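See structure below.
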Amino acid sequence: LPVVFEGKQDLEKQLVKRLRGWQVPDTHFVVMRDQDSGNCFEIKDKLTALCREANRQDVLVRIACRELESFYLGDLVAVEKGLGINNLSRNQDKKKFRAPDELVNPVEELRKLTGNKYQKVSGSRAIGPCLSLTENRSHSFHVLVRGIRELVA
């Protein structure tokens with residue numbers, strides 16, 4: 001059950017209150033945030049401190065390097081399937097898509113690649129279910145998947 005925040009500042013402002021107020025037993029949490037131009041270690045430390053402040057040890061904090069869209073650029077087969085666009089996956093071996101976490105502006109790259117068919121909310125809803133848990137080129141995606149597996153084990 002996703003809990004959506006209105007941006008990074010709202011996440012940091014509301015996280016402690018939301019975690020403390022959660023009443024469903026045996027729940028684990030995953031807190032995700034884009035790195036954007038910040039330092040991922042500092043961002044993670046800050047979010048982890050907020051989780052400790054809420055007295056929650058059952059929280060996995062992960063930072064998408066640079067943006068969540070890097071996950072999509074790491075799996076162009078999923079983008080093809082999700083958005084119904086043919087032949088995108090042939091670009092996967094191009095240098096910029098072999099290491100999508102290094103791209104400065106993944107959203108813009110994804111929009112260019114899809115001819116502006118990608119939109120943040122609807123595109124994420126369409127692509128997300130198609131992502132391969134094993135074939136993605138995004139390192140931060142694999143760190144997220146590994147963390148979730150450990151959390152539920």
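By convention in this document, the chains of the structure tokens carry letters A, B, ... by their order, each chain's residues are numbered from 1, and ligands are numbered from 1 in the order they are shown.
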
Non-local contacts of Phe71 (chain A) (9 Å; only C-alpha atoms; under 6 positions in same chain excluded) as a compact mmCIF listing (two decimals) with N, CA and C atoms, in the first residue's frame:
# COMPACT_ATOMS: atom_id res chain seq x y z
N ALA A 64 17.15 6.39 -5.22
CA ALA A 64 17.26 6.11 -6.66
C ALA A 64 18.29 7.06 -7.24
N CYS A 65 19.35 6.51 -7.78
CA CYS A 65 20.42 7.32 -8.35
C CYS A 65 20.10 7.64 -9.80
N PRO A 100 22.66 3.50 -16.57
CA PRO A 100 21.71 4.61 -16.52
C PRO A 100 21.77 5.45 -15.24
N ASP A 101 22.33 4.91 -14.16
CA ASP A 101 22.44 5.69 -12.93
C ASP A 101 23.38 6.88 -13.09
N LEU A 131 9.00 -4.26 -15.28
CA LEU A 131 10.43 -4.30 -14.97
C LEU A 131 10.89 -5.71 -14.60
N ASN A 136 17.87 -5.75 -15.25
CA ASN A 136 17.96 -4.30 -15.27
C ASN A 136 19.42 -3.86 -15.21
N ARG A 137 19.76 -2.79 -15.93
CA ARG A 137 21.14 -2.28 -15.96
C ARG A 137 21.40 -1.23 -14.88
N SER A 138 20.39 -0.87 -14.12
CA SER A 138 20.56 0.13 -13.07
C SER A 138 21.06 -0.53 -11.78
N HIS A 139 22.22 -0.10 -11.33
CA HIS A 139 22.78 -0.64 -10.09
C HIS A 139 21.87 -0.31 -8.90
N SER A 140 21.36 0.91 -8.85
CA SER A 140 20.52 1.29 -7.70
C SER A 140 19.21 0.49 -7.69
N PHE A 141 18.73 0.07 -8.84
CA PHE A 141 17.55 -0.80 -8.89
C PHE A 141 17.87 -2.14 -8.23

Spatial neighbours of Lys94 (chain A), 12 Å, only C-alpha atoms, chain gap at least 4 places, as an NGL selection string: :A and (73-74 or 76 or 88-90 or 98-100 or 137)

Expected file: the selected residues, N, CA, C and O atoms, as a tab-separated table (two decimals), in the first residue's frame:
chain	number	residue	atom	x	y	z
A	73	LEU	N	15.26	3.25	-17.66
A	73	LEU	CA	16.28	3.27	-18.70
A	73	LEU	C	17.21	2.06	-18.61
A	73	LEU	O	17.87	1.71	-19.58
A	74	GLY	N	17.24	1.42	-17.47
A	74	GLY	CA	18.02	0.20	-17.30
A	74	GLY	C	17.31	-1.03	-17.83
A	74	GLY	O	17.89	-2.11	-17.90
A	76	LEU	N	14.95	-1.31	-21.01
A	76	LEU	CA	14.19	-0.75	-22.13
A	76	LEU	C	13.16	-1.72	-22.69
A	76	LEU	O	12.20	-1.29	-23.32
A	88	LEU	N	12.64	-0.06	-28.87
A	88	LEU	CA	13.45	0.73	-27.92
A	88	LEU	C	14.58	-0.11	-27.35
A	88	LEU	O	15.67	0.41	-27.09
A	89	SER	N	14.33	-1.38	-27.12
A	89	SER	CA	15.31	-2.22	-26.43
A	89	SER	C	16.61	-2.37	-27.22
A	89	SER	O	17.64	-2.67	-26.64
A	90	ARG	N	16.58	-2.11	-28.51
A	90	ARG	CA	17.81	-2.19	-29.30
A	90	ARG	C	18.84	-1.13	-28.85
A	90	ARG	O	20.02	-1.24	-29.14
A	98	ARG	N	23.77	1.58	-20.72
A	98	ARG	CA	24.42	0.47	-20.01
A	98	ARG	C	24.61	0.81	-18.53
A	98	ARG	O	24.69	-0.09	-17.70
A	99	ALA	N	24.73	2.08	-18.22
A	99	ALA	CA	24.90	2.54	-16.83
A	99	ALA	C	23.97	3.74	-16.60
A	99	ALA	O	24.42	4.87	-16.46
A	100	PRO	N	22.66	3.50	-16.57
A	100	PRO	CA	21.71	4.61	-16.52
A	100	PRO	C	21.77	5.45	-15.24
A	100	PRO	O	21.33	6.59	-15.24
A	137	ARG	N	19.76	-2.79	-15.93
A	137	ARG	CA	21.14	-2.28	-15.96
A	137	ARG	C	21.40	-1.23	-14.88
A	137	ARG	O	22.51	-0.75	-14.74

Quick one: residues within 8 Å of region 38-46 of chain A, only C-alpha atoms, excluding same-chain residues fewer than 5 positions away - as an NGL selection string? :A and (61-63 or 65)

Would you save the residues of that selection, restricted to N, CA, C and O atoms, as a compact mmCIF listing (two decimals), in the first residue's frame?
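selection-v4.txt, freshly written:
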# COMPACT_ATOMS: atom_id res chain seq x y z
N VAL A 61 15.50 2.08 3.64
CA VAL A 61 15.64 3.38 2.98
C VAL A 61 16.53 3.18 1.76
O VAL A 61 17.63 2.65 1.87
N ARG A 62 16.04 3.60 0.61
CA ARG A 62 16.80 3.49 -0.63
C ARG A 62 16.68 4.79 -1.42
O ARG A 62 15.64 5.43 -1.43
N ILE A 63 17.78 5.13 -2.09
CA ILE A 63 17.86 6.33 -2.90
C ILE A 63 18.02 5.91 -4.36
O ILE A 63 18.92 5.12 -4.67
N CYS A 65 19.35 6.51 -7.78
CA CYS A 65 20.42 7.32 -8.35
C CYS A 65 20.10 7.64 -9.80
O CYS A 65 19.91 6.74 -10.58

Would you mind listing what lies within 7 Å of region 83-86 of chain A as a list in words, with only C-alpha atoms counted and same-chain residues fewer than 3 positions away left out?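 Final neighbour list, sorted by chain and number: Val79, Glu80, Ala126 and Ile127 of chain A.
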
Extract the full set of alpha helix (DSSP H) residues from chain A according to DSSP on the backbone, and format it as a PyMOL selection string. chain A and resi 8-21+40-53+69-73+76-83+95-98+106-113+120-127+139-152

As an NGL selection string, please: the residues near Leu50 (chain A) (cut-off 12 Å, only C-alpha atoms, same-chain neighbours under 6 positions excluded). :A and (11-20 or 31 or 43-44 or 56-57 or 59 or 61)

Please give the complete set of residues from chain A that DSSP, run on the backbone, assigns to strand (DSSP E), formatted as an NGL selection string. :A and (29-34 or 59-64)

Using only C-alpha atoms, which of the listed residues (A:Leu1, A:Asn91, A:Arg125, A:Met32) sits closest to Val77 (chain A)? A:Asn91

Judged by only C-alpha atoms, the minimum distance to Pro129 (chain A) among A:Val145, A:Val4, A:Ala78, A:Leu110 is found for A:Ala78

With distances taken over only C-alpha atoms, which of A:Arg33, A:Lys120, A:Leu103, A:Tyr72 is nearest to Leu133 (chain A)?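 Closest candidate: A:Tyr72.
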
Restricting the calculation to only C-alpha atoms, which member of A:Ala49, A:Leu68, A:Ala153, A:Val107 is positioned closest to Gln119 (chain A)?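 With only C-alpha atoms as the atom set, the closest residue is A:Val107.
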
Across A:Asp75, A:Glu69, A:Asp58, A:Glu102, the smallest distance to Glu150 (chain A), with only C-alpha atoms counted, is shown by A:Asp58

Minimum-distance residue to Glu135 (chain A), chosen among A:Phe29, A:Asp36, A:Gln92, A:Leu60 (using only C-alpha atoms): A:Gln92
